[in-house]
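final_38.csv (CSV, C-alpha atoms) appears below.
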```csv
chain,number,residue,atom,x,y,z
A,1,MET,CA,12.3,-13.1,-16.0
A,2,ASP,CA,10.4,-16.2,-16.6
A,3,TYR,CA,7.3,-17.4,-14.7
A,4,THR,CA,5.5,-20.7,-14.5
A,5,ILE,CA,2.0,-21.4,-15.7
A,6,PHE,CA,1.1,-22.0,-12.0
A,7,GLN,CA,2.0,-18.4,-11.1
A,8,ILE,CA,0.1,-17.1,-14.1
A,9,ILE,CA,-3.0,-19.0,-13.0
A,10,LEU,CA,-2.7,-17.7,-9.5
A,11,VAL,CA,-2.4,-14.1,-10.8
A,12,PHE,CA,-5.6,-14.7,-12.8
A,13,ILE,CA,-7.4,-16.1,-9.7
A,14,VAL,CA,-6.3,-13.2,-7.5
A,15,THR,CA,-7.5,-10.7,-10.1
A,16,PHE,CA,-10.8,-12.5,-10.6
A,17,ILE,CA,-11.5,-12.5,-6.8
A,18,ALA,CA,-10.4,-8.9,-6.3
A,19,ALA,CA,-12.6,-7.7,-9.2
A,20,ILE,CA,-15.7,-9.3,-7.7
A,21,ASP,CA,-14.8,-8.1,-4.2
A,22,GLN,CA,-14.8,-4.5,-5.3
A,23,PHE,CA,-18.6,-4.5,-5.9
A,24,SER,CA,-19.9,-7.7,-4.3
A,25,PHE,CA,-17.9,-9.2,-1.5
A,26,LEU,CA,-16.9,-5.8,0.0
A,27,GLU,CA,-14.2,-7.4,2.1
A,28,SER,CA,-11.5,-4.9,1.0
A,29,LEU,CA,-9.5,-7.7,-0.6
A,30,TYR,CA,-9.3,-5.6,-3.8
A,31,GLN,CA,-7.4,-2.8,-2.1
A,32,PRO,CA,-3.9,-2.3,-3.6
A,33,ILE,CA,-2.1,-2.8,-0.3
A,34,VAL,CA,-3.7,-6.3,-0.1
A,35,THR,CA,-3.3,-7.3,-3.8
A,36,GLY,CA,0.3,-5.9,-3.9
A,37,MET,CA,1.2,-8.2,-1.0
A,38,VAL,CA,-0.5,-11.2,-2.6
A,39,ILE,CA,1.1,-10.6,-6.0
A,40,GLY,CA,4.5,-10.2,-4.3
A,41,LEU,CA,4.0,-13.6,-2.6
A,42,ILE,CA,3.1,-15.2,-5.9
A,43,LEU,CA,6.0,-13.7,-7.8
A,44,GLY,CA,8.5,-14.2,-5.0
A,45,ASP,CA,9.2,-10.6,-4.0
A,46,LEU,CA,7.0,-9.8,-1.0
A,47,GLN,CA,8.8,-6.6,0.0
A,48,THR,CA,8.4,-5.0,-3.4
A,49,GLY,CA,4.8,-6.0,-3.5
A,50,LEU,CA,4.1,-4.4,-0.1
A,51,ILE,CA,6.0,-1.2,-1.1
A,52,VAL,CA,4.2,-0.8,-4.4
A,53,GLY,CA,0.8,-1.8,-2.9
A,54,GLY,CA,1.2,0.8,-0.2
A,55,THR,CA,2.3,3.5,-2.6
A,56,TYR,CA,-0.6,2.8,-4.9
A,57,GLN,CA,-3.0,2.7,-2.0
A,58,LEU,CA,-2.1,6.2,-1.0
A,59,MET,CA,-2.7,7.4,-4.5
A,60,THR,CA,-6.2,5.9,-4.7
A,61,ILE,CA,-7.2,6.6,-1.1
A,62,GLY,CA,-9.4,9.5,-2.0
A,63,ASN,CA,-10.9,8.0,-5.2
A,64,MET,CA,-14.6,7.3,-5.2
A,65,PRO,CA,-17.3,6.8,-7.9
A,66,VAL,CA,-19.7,9.7,-8.4
A,67,GLY,CA,-23.0,8.5,-9.9
A,68,GLY,CA,-22.2,6.4,-12.9
A,69,ALA,CA,-18.7,7.9,-13.3
A,70,GLN,CA,-15.9,5.4,-12.3
A,71,PRO,CA,-12.5,6.5,-11.2
A,72,PRO,CA,-9.4,4.7,-12.5
A,73,ASN,CA,-9.8,1.1,-11.3
A,74,ALA,CA,-7.7,0.3,-8.2
A,75,VAL,CA,-7.9,-3.5,-8.8
A,76,ILE,CA,-6.1,-3.6,-12.2
A,77,GLY,CA,-3.9,-0.6,-11.4
A,78,GLY,CA,-2.7,-2.0,-8.1
A,79,ILE,CA,-2.0,-5.5,-9.4
A,80,MET,CA,-0.3,-4.3,-12.6
A,81,ALA,CA,1.9,-1.9,-10.6
A,82,ALA,CA,3.1,-4.8,-8.5
A,83,ILE,CA,3.7,-7.0,-11.6
A,84,LEU,CA,5.6,-4.2,-13.4
A,85,ALA,CA,7.8,-3.5,-10.4
A,86,ILE,CA,8.7,-7.1,-9.9
A,87,THR,CA,9.0,-8.4,-13.4
A,88,LEU,CA,10.7,-5.3,-14.9
A,89,GLN,CA,12.7,-4.3,-11.8
A,90,LEU,CA,11.1,-0.8,-11.8
A,91,GLU,CA,11.2,1.6,-8.9
A,92,PRO,CA,7.9,1.6,-7.0
A,93,THR,CA,7.0,5.2,-8.0
A,94,VAL,CA,7.8,4.4,-11.7
A,95,ALA,CA,5.7,1.3,-11.5
A,96,VAL,CA,2.8,3.2,-10.0
A,97,ALA,CA,2.9,5.8,-12.8
A,98,THR,CA,3.3,3.2,-15.5
A,99,ALA,CA,0.2,1.3,-14.2
A,100,ILE,CA,-2.2,4.2,-14.7
A,101,PRO,CA,-3.1,3.3,-18.3
A,102,PHE,CA,-4.0,-0.2,-17.1
A,103,SER,CA,-6.2,1.2,-14.4
A,104,LEU,CA,-8.1,3.1,-17.1
A,105,LEU,CA,-8.6,-0.2,-18.9
A,106,GLY,CA,-10.2,-1.5,-15.7
A,107,GLN,CA,-12.4,1.6,-15.6
A,108,TYR,CA,-13.6,0.8,-19.2
A,109,GLY,CA,-14.2,-2.8,-18.2
A,110,VAL,CA,-16.5,-1.8,-15.3
A,111,THR,CA,-18.4,0.5,-17.7
A,112,ILE,CA,-18.8,-2.3,-20.2
A,113,ILE,CA,-20.2,-4.7,-17.6
A,114,PHE,CA,-22.6,-2.0,-16.3
A,115,SER,CA,-23.8,-1.3,-19.8
A,116,LEU,CA,-24.2,-4.9,-20.7
A,117,MET,CA,-26.1,-5.7,-17.5
A,118,SER,CA,-28.5,-2.7,-17.8
A,119,PRO,CA,-31.0,-4.4,-20.1
A,120,VAL,CA,-30.9,-7.5,-17.9
A,121,MET,CA,-32.4,-5.5,-15.0
A,122,SER,CA,-35.9,-5.8,-16.5
A,123,LYS,CA,-35.5,-9.6,-16.2
A,124,ALA,CA,-34.4,-9.2,-12.6
A,125,ASP,CA,-37.5,-7.2,-11.9
A,126,SER,CA,-39.6,-10.0,-13.4
A,127,TYR,CA,-37.8,-12.5,-11.2
A,128,ALA,CA,-38.4,-10.3,-8.2
A,129,HIS,CA,-42.1,-10.1,-9.1
A,130,ASP,CA,-42.3,-13.9,-9.3
A,131,ALA,CA,-40.2,-14.3,-6.1
A,132,ASN,CA,-37.7,-16.2,-8.1
A,133,THR,CA,-34.6,-15.8,-6.0
A,134,LYS,CA,-32.6,-18.4,-7.9
A,135,GLY,CA,-33.1,-16.4,-11.1
A,136,ILE,CA,-31.8,-13.2,-9.4
A,137,ASP,CA,-28.8,-15.2,-8.0
A,138,ARG,CA,-28.0,-16.3,-11.6
A,139,ILE,CA,-28.0,-12.7,-12.8
A,140,ASN,CA,-25.7,-11.7,-10.0
A,141,TYR,CA,-23.3,-14.6,-10.6
A,142,LEU,CA,-23.3,-13.8,-14.3
A,143,ALA,CA,-22.3,-10.2,-13.7
A,144,MET,CA,-19.6,-11.2,-11.2
A,145,ALA,CA,-18.1,-13.8,-13.5
A,146,GLY,CA,-18.1,-11.4,-16.4
A,147,LEU,CA,-16.3,-8.7,-14.5
A,148,GLY,CA,-13.8,-11.1,-13.0
A,149,THR,CA,-13.0,-12.7,-16.3
A,150,ILE,CA,-12.5,-9.3,-18.1
A,151,PHE,CA,-10.1,-8.1,-15.3
A,152,GLY,CA,-8.3,-11.4,-15.2
A,153,LEU,CA,-7.7,-11.6,-18.9
A,154,ILE,CA,-6.4,-8.0,-19.0
A,155,VAL,CA,-3.9,-8.6,-16.3
A,156,VAL,CA,-2.8,-12.0,-17.5
A,157,LEU,CA,-2.3,-10.9,-21.1
A,158,PHE,CA,-0.1,-7.9,-20.1
A,159,PHE,CA,1.6,-10.0,-17.5
A,160,ILE,CA,2.7,-12.6,-20.1
A,161,GLY,CA,3.6,-9.9,-22.6
A,162,GLY,CA,5.5,-7.9,-20.1
A,163,ALA,CA,7.5,-10.9,-18.9
A,164,ALA,CA,8.3,-11.8,-22.5
A,165,PHE,CA,9.2,-8.3,-24.0
A,166,GLY,CA,9.3,-6.0,-21.0
A,167,ASN,CA,13.1,-5.9,-20.4
A,168,GLN,CA,13.7,-4.8,-24.0
A,169,ALA,CA,10.9,-2.2,-23.8
A,170,VAL,CA,12.3,-0.8,-20.5
A,171,ALA,CA,15.8,-0.6,-21.9
A,172,ALA,CA,14.5,1.5,-24.9
A,173,ILE,CA,12.8,4.1,-22.6
A,174,PRO,CA,14.9,7.2,-22.3
A,175,GLN,CA,16.3,8.0,-18.8
A,176,TRP,CA,14.6,11.4,-18.7
A,177,LEU,CA,11.2,9.7,-19.3
A,178,MET,CA,11.9,7.2,-16.5
A,179,GLY,CA,12.8,10.0,-14.2
A,180,GLY,CA,9.6,11.8,-15.1
A,181,LEU,CA,7.5,8.7,-14.4
A,182,GLY,CA,9.2,8.3,-11.1
A,183,ALA,CA,8.5,11.9,-10.1
A,184,ALA,CA,4.8,11.6,-11.2
A,185,GLY,CA,4.4,8.4,-9.3
A,186,GLY,CA,5.9,9.9,-6.2
A,187,MET,CA,3.6,12.9,-6.4
A,188,MET,CA,0.4,10.8,-6.9
A,189,ARG,CA,0.4,9.5,-3.4
A,190,TYR,CA,0.3,13.0,-2.0
A,191,VAL,CA,-2.4,14.0,-4.4
A,192,GLY,CA,-4.5,11.0,-3.3
A,193,PHE,CA,-4.2,11.9,0.3
A,194,ALA,CA,-5.0,15.5,-0.4
A,195,ILE,CA,-8.2,14.4,-2.1
A,196,LEU,CA,-9.1,12.4,1.0
A,197,LEU,CA,-8.4,15.4,3.3
A,198,LYS,CA,-10.5,17.7,1.2
A,199,VAL,CA,-13.5,15.3,1.7
A,200,MET,CA,-13.0,14.4,5.3
A,201,VAL,CA,-11.2,17.2,7.2
A,202,SER,CA,-13.4,19.6,9.1
A,203,LYS,CA,-12.3,22.9,10.8
A,204,GLU,CA,-12.3,21.2,14.2
A,205,MET,CA,-9.7,18.7,13.0
A,206,TRP,CA,-7.1,21.0,11.5
A,207,GLY,CA,-5.3,21.2,14.8
A,208,PHE,CA,-4.8,17.4,14.9
A,209,PHE,CA,-3.6,17.4,11.3
A,210,PHE,CA,-0.9,20.0,11.9
A,211,MET,CA,0.1,18.3,15.2
A,212,GLY,CA,0.4,15.0,13.3
A,213,PHE,CA,2.5,16.6,10.6
A,214,GLY,CA,4.8,18.1,13.2
A,215,LEU,CA,5.2,14.8,15.1
A,216,ALA,CA,5.9,12.9,11.9
A,217,THR,CA,8.7,15.4,11.0
A,218,ILE,CA,10.2,15.1,14.5
A,219,VAL,CA,10.1,11.3,14.5
A,220,MET,CA,11.6,11.0,11.0
A,221,ALA,CA,14.4,13.4,11.9
A,222,ALA,CA,15.8,10.8,14.3
A,223,PRO,CA,17.6,8.0,12.5
A,224,SER,CA,16.9,5.5,15.2
A,225,LEU,CA,13.1,6.1,15.0
A,226,GLN,CA,12.7,6.1,11.2
A,227,GLY,CA,12.1,2.3,11.2
A,228,PRO,CA,9.2,2.2,13.7
A,229,ALA,CA,8.0,5.7,12.8
A,230,LEU,CA,4.6,4.6,11.6
A,231,ILE,CA,4.0,2.4,14.7
A,232,ILE,CA,5.0,5.2,17.0
A,233,LEU,CA,2.7,7.7,15.3
A,234,ALA,CA,-0.2,5.2,15.2
A,235,PHE,CA,0.1,4.8,19.0
A,236,ILE,CA,0.2,8.6,19.5
A,237,GLY,CA,-2.8,9.0,17.2
A,238,PHE,CA,-4.8,6.3,19.0
A,239,ALA,CA,-4.0,7.8,22.4
A,240,LEU,CA,-5.3,11.3,21.2
A,241,ALA,CA,-8.4,9.8,19.6
A,242,PHE,CA,-9.2,7.8,22.7
A,243,TRP,CA,-8.7,10.8,24.9
A,244,ASP,CA,-11.0,12.9,22.7
A,245,TYR,CA,-13.6,10.1,22.7
A,246,GLN,CA,-13.6,10.1,26.5
A,247,ILE,CA,-14.0,13.9,26.8
A,248,GLN,CA,-16.8,13.9,24.3
A,249,SER,CA,-18.6,11.1,26.1
A,250,LYS,CA,-18.4,13.0,29.4
A,251,PHE,CA,-19.9,16.0,27.7
A,252,LYS,CA,-22.8,14.0,26.3
A,253,VAL,CA,-23.4,12.4,29.7
A,254,ALA,CA,-23.3,15.8,31.4
A,255,ALA,CA,-25.7,17.3,28.8
A,256,ALA,CA,-28.1,14.3,29.3
A,257,ASN,CA,-28.2,14.8,33.1
A,258,THR,CA,-28.9,18.5,32.9
A,259,TYR,CA,-32.6,19.3,33.6
A,260,ASP,CA,-34.4,22.5,33.1
A,261,PHE,CA,-37.0,23.1,35.8
A,262,GLY,CA,-38.1,26.4,34.6
A,263,GLY,CA,-36.8,30.0,35.0
A,264,ASP,CA,-34.9,31.6,37.8
A,265,GLU,CA,-36.9,34.8,38.1
A,266,ASP,CA,-37.5,34.2,41.8
A,267,GLY,CA,-33.9,33.5,42.6
A,268,ILE,CA,-34.4,29.8,43.4
```
If you took the structure in this file and wrote it as structure tokens, what would it be?
Amino acid sequence: MDYTIFQIILVFIVTFIAAIDQFSFLESLYQPIVTGMVIGLILGDLQTGLIVGGTYQLMTIGNMPVGGAQPPNAVIGGIMAAILAITLQLEPTVAVATAIPFSLLGQYGVTIIFSLMSPVMSKADSYAHDANTKGIDRINYLAMAGLGTIFGLIVVLFFIGGAAFGNQAVAAIPQWLMGGLGAAGGMMRYVGFAILLKVMVSKEMWGFFFMGFGLATIVMAAPSLQGPALIILAFIGFALAFWDYQIQSKFKVAAANTYDFGGDEDGI
């Protein structure tokens, strides 16, 4: 499938902005569910972009950097998963699994930028000592431009190469390998959500978790409810959360209004 130079430029710009957003803008524009939608719009297949972005989002939902260690990068991985699914007509789960090596390239790109900018921090300290805010701004802009350019070039190069040679490469892949990639991609979203639960779930919340699982099973069992299932469950979840918030607020007010005037040895 052929694409115009305008679409290639737009893909570069989206990747450039998403790379900067991950560390600087912090507006969640870099999340795969957002980039997948935008890439789908650019390449003319919004539905596939949304499906792939949502699938990749579930896989990365529990990923977080620990110290200097960076997880596989969600920016390049999410964008490349959408590009692969649309340009090569891959199943969403297959595209997600295939995009993992690209997310590792993004991880290396972040590490390279961090390493290159480390010696510059002494210059930033000097600017701070002299109250030179413009100098500090230039350093920040340099780091952002470097990261965005690296990410943009990686995505565009593989986008162009995939559009030119991808169909022949996909045709040469054995069916059993494609099936394995699809199974791996389908499993990754559950692994990502399990990582998130391991971090967030407390003993007090397990009842809500099992109740939500049961409700999801019941709703999905009815064919007429499968379409709006997520909306229905979201309303039920909001209602339970709001009810719990009200109960906890009443407990806090009652505790604040409780006064201790001493012992009750005299029966008063």
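With only C-alpha atoms as the basis for measurement, A:Gly148 is the residue among A:Gly212, A:Gly148, A:Gly77, A:Gly54 that approaches Phe23 (chain A) most closely.
In this structure, CA of Leu10 (chain A) sits 25.4 Å away from CA of Arg138 (chain A).
If you look at CA of Met80 (chain A) and CA of Phe159 (chain A), they are 7.8 Å away from each other.
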#### Entry: Near-region 214-224 of chain A list (12 Å; only C-alpha atoms; drop same-chain fewer than 5 positions) as a ChimeraX atom specification
/A:207-209,229-237
### Task
May I have the residues within 12 Å of Gly146 (chain A) as a PyMOL selection string, using all atoms listed in the file and disregarding those fewer than 5 positions away in the same chain?
chain A and resi 16-17+19-20+109-114+116-117+139-141+151-153
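Between CA of Asn73 (chain A) and CA of Val156 (chain A) there is a distance of 16.1 Å.
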### Surrounding residues of Ala95 (chain A) excluding itself and chain neighbours under 2 positions, 6 Å, all atoms listed in the file, as a count of residues only
8
### Task
Select, from A:Leu142, A:Tyr30, A:Ile160, A:Ser24, the residue with the minimum atom-to-atom distance to Thr4 (chain A), counting only C-alpha atoms.
A:Ile160
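Of the residues listed (A:Val14, A:Ala239, A:Ile61, A:Met205), A:Val14 shows the shortest atom-to-atom separation from Ile79 (chain A); distances use all atoms listed in the file.
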